[in-house]
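A.B. asks: mmCIF, C-alpha atoms, file my_file00.cif:
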```
data_start
#
loop_
_atom_site.label_atom_id
_atom_site.label_comp_id
_atom_site.auth_asym_id
_atom_site.auth_seq_id
_atom_site.Cartn_x
_atom_site.Cartn_y
_atom_site.Cartn_z
CA MET A 1000 0.00 0.00 0.00
CA LEU A 1001 2.79 2.44 0.84
CA ASN A 1002 4.52 1.79 -2.47
CA GLN A 1003 1.22 2.12 -4.29
CA LEU A 1004 0.42 5.38 -2.50
CA GLU A 1005 3.85 6.74 -3.31
CA ARG A 1006 3.38 5.81 -6.98
CA LEU A 1007 -0.08 7.41 -6.96
CA SER A 1008 1.35 10.58 -5.43
CA ILE A 1009 4.07 10.82 -8.08
CA GLU A 1010 1.79 9.96 -11.00
CA THR A 1011 -0.92 12.44 -10.00
CA GLU A 1012 1.33 15.36 -9.12
CA GLY A 1013 -0.33 18.53 -10.30
CA ARG A 1014 -3.65 16.86 -11.15
CA PHE A 1015 -6.54 15.01 -9.56
CA ALA A 1016 -6.42 11.23 -9.47
CA THR A 1017 -8.71 9.36 -11.83
CA GLU A 1018 -11.42 7.01 -10.63
CA SER A 1019 -9.29 3.98 -11.52
CA GLU A 1020 -6.30 5.43 -9.67
CA LEU A 1021 -8.43 5.91 -6.55
CA LYS A 1022 -9.58 2.28 -6.69
CA LEU A 1023 -6.70 1.11 -4.52
CA LEU A 1024 -7.89 3.34 -1.69
CA LYS A 1025 -11.51 2.32 -2.18
CA ASP A 1026 -10.47 -1.33 -1.98
CA TYR A 1027 -8.14 -0.92 0.99
CA LEU A 1028 -10.05 1.41 3.31
CA PRO A 1029 -13.02 -0.93 3.97
CA THR A 1030 -10.54 -3.61 5.12
CA VAL A 1031 -8.69 -1.48 7.67
CA THR A 1032 -10.81 -2.55 10.65
CA LEU A 1033 -10.38 -6.24 9.84
CA ARG A 1034 -6.66 -5.78 9.25
CA LEU A 1035 -6.20 -4.01 12.57
CA SER A 1036 -8.19 -6.69 14.37
CA ALA A 1037 -6.18 -9.53 12.82
CA TYR A 1038 -2.93 -7.68 13.49
CA GLN A 1039 -3.81 -7.25 17.17
CA LYS A 1040 -4.92 -10.86 17.58
CA ILE A 1041 -1.71 -12.22 16.09
CA SER A 1042 0.41 -9.75 18.03
CA ASP A 1043 -1.31 -10.62 21.33
CA ARG A 1044 -1.09 -14.36 20.69
CA GLU A 1045 2.34 -14.62 19.12
CA ALA A 1046 3.73 -16.91 21.86
CA THR A 1047 0.70 -19.20 21.66
CA ILE A 1048 0.87 -19.31 17.87
CA MET A 1049 4.56 -20.19 18.04
CA ASP A 1050 3.93 -22.96 20.60
CA CYS A 1051 1.06 -24.41 18.54
CA LEU A 1052 3.19 -24.31 15.40
CA ARG A 1053 6.18 -25.98 17.06
CA LEU A 1054 4.03 -28.71 18.61
CA LYS A 1055 2.19 -29.40 15.35
CA MET A 1056 5.48 -29.65 13.49
CA LEU A 1057 6.87 -32.06 16.08
CA GLN A 1058 3.70 -34.11 15.79
CA LEU A 1059 4.10 -34.28 12.00
CA GLU A 1060 7.85 -34.87 12.08
CA PRO A 1061 9.26 -35.64 15.56
CA ASN A 1062 12.89 -34.95 14.63
CA ILE A 1063 12.27 -31.86 12.50
CA PHE A 1064 14.54 -29.61 14.55
CA GLN A 1065 17.42 -32.08 14.76
CA THR A 1066 20.01 -31.14 12.16
CA ALA A 1067 23.66 -31.91 11.58
CA THR A 1068 24.55 -28.98 13.85
CA GLY A 1069 22.28 -30.10 16.70
CA ASP A 1070 18.90 -28.91 17.95
CA ASP A 1071 17.70 -25.97 15.86
CA THR A 1072 14.51 -25.25 17.86
CA ALA A 1073 15.74 -21.87 19.10
CA LEU A 1074 16.84 -20.89 15.58
CA PHE A 1075 13.46 -21.97 14.19
CA GLN A 1076 11.62 -19.88 16.79
CA ARG A 1077 13.73 -16.79 16.19
CA ASP A 1078 13.46 -16.95 12.40
CA THR A 1079 9.76 -17.77 12.40
CA LYS A 1080 9.01 -14.82 14.68
CA ILE A 1081 10.89 -12.53 12.30
CA ILE A 1082 8.89 -13.81 9.32
CA LEU A 1083 5.59 -13.72 11.24
CA ARG A 1084 6.17 -10.14 12.38
CA SER A 1085 7.25 -9.03 8.91
CA MET A 1086 4.26 -10.76 7.35
CA ILE A 1087 1.72 -9.20 9.70
CA ALA A 1088 3.26 -5.75 9.21
CA ALA A 1089 3.05 -6.15 5.43
CA PHE A 1090 -0.51 -7.44 5.80
CA LEU A 1091 -1.50 -4.37 7.80
CA ILE A 1092 -0.49 -2.08 4.94
CA ASP A 1093 -1.48 -4.61 2.24
CA ASP A 1094 1.94 -4.83 0.63
CA LEU A 1095 2.81 -8.28 -0.69
CA ASP A 1096 5.68 -6.89 -2.76
CA ARG A 1097 7.37 -5.40 0.28
CA LEU A 1098 7.12 -8.72 2.13
CA ARG A 1099 8.57 -10.69 -0.78
CA GLU A 1100 11.38 -8.26 -1.51
CA THR A 1101 12.48 -7.38 2.01
CA ILE A 1102 12.40 -10.58 4.02
CA LEU A 1103 11.19 -13.66 2.16
CA LEU A 1104 13.80 -13.76 -0.58
CA TRP A 1105 16.54 -13.11 1.98
CA HIS A 1106 15.22 -15.85 4.26
CA ARG A 1107 15.00 -18.33 1.38
CA THR A 1108 18.68 -17.72 0.67
CA ILE A 1109 19.54 -18.33 4.34
CA THR A 1110 17.54 -21.56 4.55
CA LYS A 1111 19.28 -22.87 1.44
CA ALA A 1112 22.72 -21.85 2.71
CA PHE A 1113 22.16 -23.67 6.01
CA LYS A 1114 20.35 -26.58 4.32
CA VAL A 1115 17.21 -26.23 6.45
CA GLN A 1116 14.67 -25.92 3.63
CA HIS A 1117 12.78 -28.90 5.05
CA ILE A 1118 12.14 -26.97 8.28
CA ALA A 1119 11.00 -23.89 6.34
CA ALA A 1120 8.74 -26.01 4.12
CA LEU A 1121 7.01 -27.67 7.06
CA THR A 1122 6.78 -24.35 8.92
CA TYR A 1123 5.12 -22.36 6.16
CA ASN A 1124 2.89 -25.23 5.03
CA THR A 1125 1.67 -25.65 8.63
CA LEU A 1126 1.39 -21.98 9.63
CA PRO A 1127 -1.87 -21.21 7.76
CA SER A 1128 -3.86 -23.80 9.71
CA ILE A 1129 -2.46 -22.46 12.98
CA ILE A 1130 -3.19 -18.82 12.14
CA GLU A 1131 -6.72 -19.72 11.02
CA GLN A 1132 -7.56 -20.85 14.56
CA PHE A 1133 -7.03 -17.34 15.91
CA LEU A 1134 -8.90 -15.26 13.30
CA THR A 1135 -12.42 -14.80 12.06
CA PRO A 1136 -13.14 -16.19 8.58
CA GLU A 1137 -13.14 -12.63 7.19
CA GLU A 1138 -9.76 -11.82 8.76
CA TYR A 1139 -8.32 -15.11 7.59
CA ALA A 1140 -9.51 -14.52 4.03
CA LEU A 1141 -7.62 -11.20 4.02
CA ILE A 1142 -4.39 -12.66 5.38
CA LEU A 1143 -4.43 -15.80 3.26
CA PRO A 1144 -2.57 -14.22 0.29
CA PHE A 1145 0.30 -13.35 2.66
CA LEU A 1146 0.40 -16.88 4.07
CA ARG A 1147 0.36 -18.28 0.54
CA LEU A 1148 3.22 -15.99 -0.46
CA ASN A 1149 5.22 -17.36 2.49
CA GLN A 1150 4.50 -20.86 1.21
CA ALA A 1151 5.37 -20.04 -2.39
CA VAL A 1152 8.71 -18.47 -1.50
CA LEU A 1153 9.81 -20.48 1.53
CA ALA A 1154 8.14 -23.89 1.20
CA SER A 1155 9.11 -24.65 -2.37
#
```
When written as structure tokens, how does the structure in this file appear?
C.D. replies:
Amino acid sequence: MLNQLERLSIETEGRFATESELKLLKDYLPTVTLRLSAYQKISDREATIMDCLRLKMLQLEPNIFQTATGDDTALFQRDTKIILRSMIAAFLIDDLDRLRETILLWHRTITKAFKVQHIAALTYNTLPSIIEQFLTPEEYALILPFLRLNQAVLAS
């Protein structure tokens, strides 16, 4: 949204915006209340979400955090919190591009370098079902494109 607003500001300098140019605001503004609500719920329940995610992953793959370097649970928790916080911030301002370009591509490089793609894949394939438990269907529908972007970039 910020990038789009900046583009709109530059493109409409010295003139009024057209109806089609204003569409992004007309689409975004009605979702602000839902976005704020979802943001607050995830923020307030971050520790619970992380615990649910870790336990579900261990249920699916008991040795998921055991790597050649030892137990990577703490590393998983740190990195997942960073991605979760970045995702929810991008969701709040409706900016998928910012999420992809600032954190997801970087994190994909890191997971490949440390050969922990299997942890990332299970994490971001499991996260949507965990997040869904904490949101209304309307909030979840809004955040789903961000969760799917996480999957596309980090779970492939």
A.B. asks: From the list A:Ile1109, A:Leu1023, A:Leu1148, A:Leu1033, which residue is nearest Met1086 of chain A when using all atoms listed in the file?
C.D. replies: A:Leu1148
A.B. asks: Using the chain letters and numbers from this file, what does the PyMOL selection byres ((chain A and resi 1140) around 12) select? Give the answer as an mmCIF file with C-alpha atoms, in the frame of the given file.
C.D. replies:
```cif
data_model
loop_
_atom_site.group_PDB
_atom_site.id
_atom_site.type_symbol
_atom_site.label_atom_id
_atom_site.label_comp_id
_atom_site.auth_asym_id
_atom_site.auth_seq_id
_atom_site.Cartn_x
_atom_site.Cartn_y
_atom_site.Cartn_z
ATOM 1 C CA THR A 1030 -10.540 -3.610 5.120
ATOM 2 C CA LEU A 1033 -10.380 -6.240 9.840
ATOM 3 C CA ARG A 1034 -6.660 -5.780 9.250
ATOM 4 C CA ALA A 1037 -6.180 -9.530 12.820
ATOM 5 C CA PHE A 1090 -0.510 -7.440 5.800
ATOM 6 C CA PRO A 1127 -1.870 -21.210 7.760
ATOM 7 C CA ILE A 1130 -3.190 -18.820 12.140
ATOM 8 C CA GLU A 1131 -6.720 -19.720 11.020
ATOM 9 C CA LEU A 1134 -8.900 -15.260 13.300
ATOM 10 C CA THR A 1135 -12.420 -14.800 12.060
ATOM 11 C CA PRO A 1136 -13.140 -16.190 8.580
ATOM 12 C CA GLU A 1137 -13.140 -12.630 7.190
ATOM 13 C CA GLU A 1138 -9.760 -11.820 8.760
ATOM 14 C CA TYR A 1139 -8.320 -15.110 7.590
ATOM 15 C CA LEU A 1141 -7.620 -11.200 4.020
ATOM 16 C CA ILE A 1142 -4.390 -12.660 5.380
ATOM 17 C CA LEU A 1143 -4.430 -15.800 3.260
ATOM 18 C CA PRO A 1144 -2.570 -14.220 0.290
ATOM 19 C CA PHE A 1145 0.300 -13.350 2.660
ATOM 20 C CA LEU A 1146 0.400 -16.880 4.070
ATOM 21 C CA ARG A 1147 0.360 -18.280 0.540
#
```
A.B. asks: What does the distance from atom CA of Thr1066 of chain A to atom CA of Ala1112 of chain A come to in Å, to one decimal?
C.D. replies: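 Spanning atom CA of Thr1066 of chain A to atom CA of Ala1112 of chain A is a straight-line distance of 13.5 Å.
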A.B. asks: What residues come out when you apply the PyMOL selection byres ((chain A and resi 1000-1013) around 10) to this file, written as a list in words?
C.D. replies: Arg1014, Phe1015, Ala1016, Thr1017, Glu1020, Leu1021, Leu1023, Leu1024, Tyr1027, Ala1089, Phe1090, Leu1091, Ile1092, Asp1093, Asp1094, Leu1095, Asp1096 and Arg1097 of chain A
A.B. asks: Restricted to C-alpha atoms, what would the selected residues look like written as a short mmCIF file (atom, residue, chain, number, x, y, z; two decimals), in the coordinates of the input?
C.D. replies:
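Final output, saved to selection-v2.cif:
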```
data_model
loop_
_atom_site.label_atom_id
_atom_site.label_comp_id
_atom_site.auth_asym_id
_atom_site.auth_seq_id
_atom_site.Cartn_x
_atom_site.Cartn_y
_atom_site.Cartn_z
CA ARG A 1014 -3.65 16.86 -11.15
CA PHE A 1015 -6.54 15.01 -9.56
CA ALA A 1016 -6.42 11.23 -9.47
CA THR A 1017 -8.71 9.36 -11.83
CA GLU A 1020 -6.30 5.43 -9.67
CA LEU A 1021 -8.43 5.91 -6.55
CA LEU A 1023 -6.70 1.11 -4.52
CA LEU A 1024 -7.89 3.34 -1.69
CA TYR A 1027 -8.14 -0.92 0.99
CA ALA A 1089 3.05 -6.15 5.43
CA PHE A 1090 -0.51 -7.44 5.80
CA LEU A 1091 -1.50 -4.37 7.80
CA ILE A 1092 -0.49 -2.08 4.94
CA ASP A 1093 -1.48 -4.61 2.24
CA ASP A 1094 1.94 -4.83 0.63
CA LEU A 1095 2.81 -8.28 -0.69
CA ASP A 1096 5.68 -6.89 -2.76
CA ARG A 1097 7.37 -5.40 0.28
#
```
A.B. asks: Between atom CA of Asp1043 of chain A and atom CA of Lys1025 of chain A, what is the spacing in Å?
C.D. replies: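 These atoms are spaced 28.7 Å apart.
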A.B. asks: So what do you get for atom CA of Leu1059 of chain A versus atom CA of Arg1099 of chain A, distance-wise?
C.D. replies: 27.2 Å
A.B. asks: So, with all atoms listed in the file as the atoms that count, which of A:Ala1119, A:Cys1051, A:Leu1104, A:Ile1063 lies closest to Asp1078 of chain A?
C.D. replies: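 Closest residue, counting all atoms listed in the file: A:Ala1119.
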A.B. asks: Excluding same-chain residues fewer than 4 positions from Asn1124 of chain A, what lies within 8 Å of it counting only C-alpha atoms, as a list in words?
C.D. replies: Ala1120, Gln1150 and Ala1154 of chain A
A.B. asks: For the file shown, what are the residues hit by the PyMOL selection byres ((chain A and resi 1044) around 12), laid out as a PyMOL selection string?
C.D. replies: chain A and resi 1037-1043+1045-1051+1080+1083-1084+1129-1130+1132-1134
A.B. asks: Measuring atom to atom with all atoms listed in the file, identify which of A:Leu1028, A:Gln1076, A:Trp1105, A:Leu1035 is nearest to Phe1064 of chain A.
C.D. replies: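 The shortest atom-to-atom distance to Phe1064 of chain A comes from A:Gln1076.
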A.B. asks: Point out the residue among A:Leu1103, A:Lys1055, A:Ser1155, A:Ser1085 with the least atom-to-atom distance to His1117 of chain A, counting all atoms listed in the file.
C.D. replies: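 Smallest separation from His1117 of chain A among the options: A:Ser1155.
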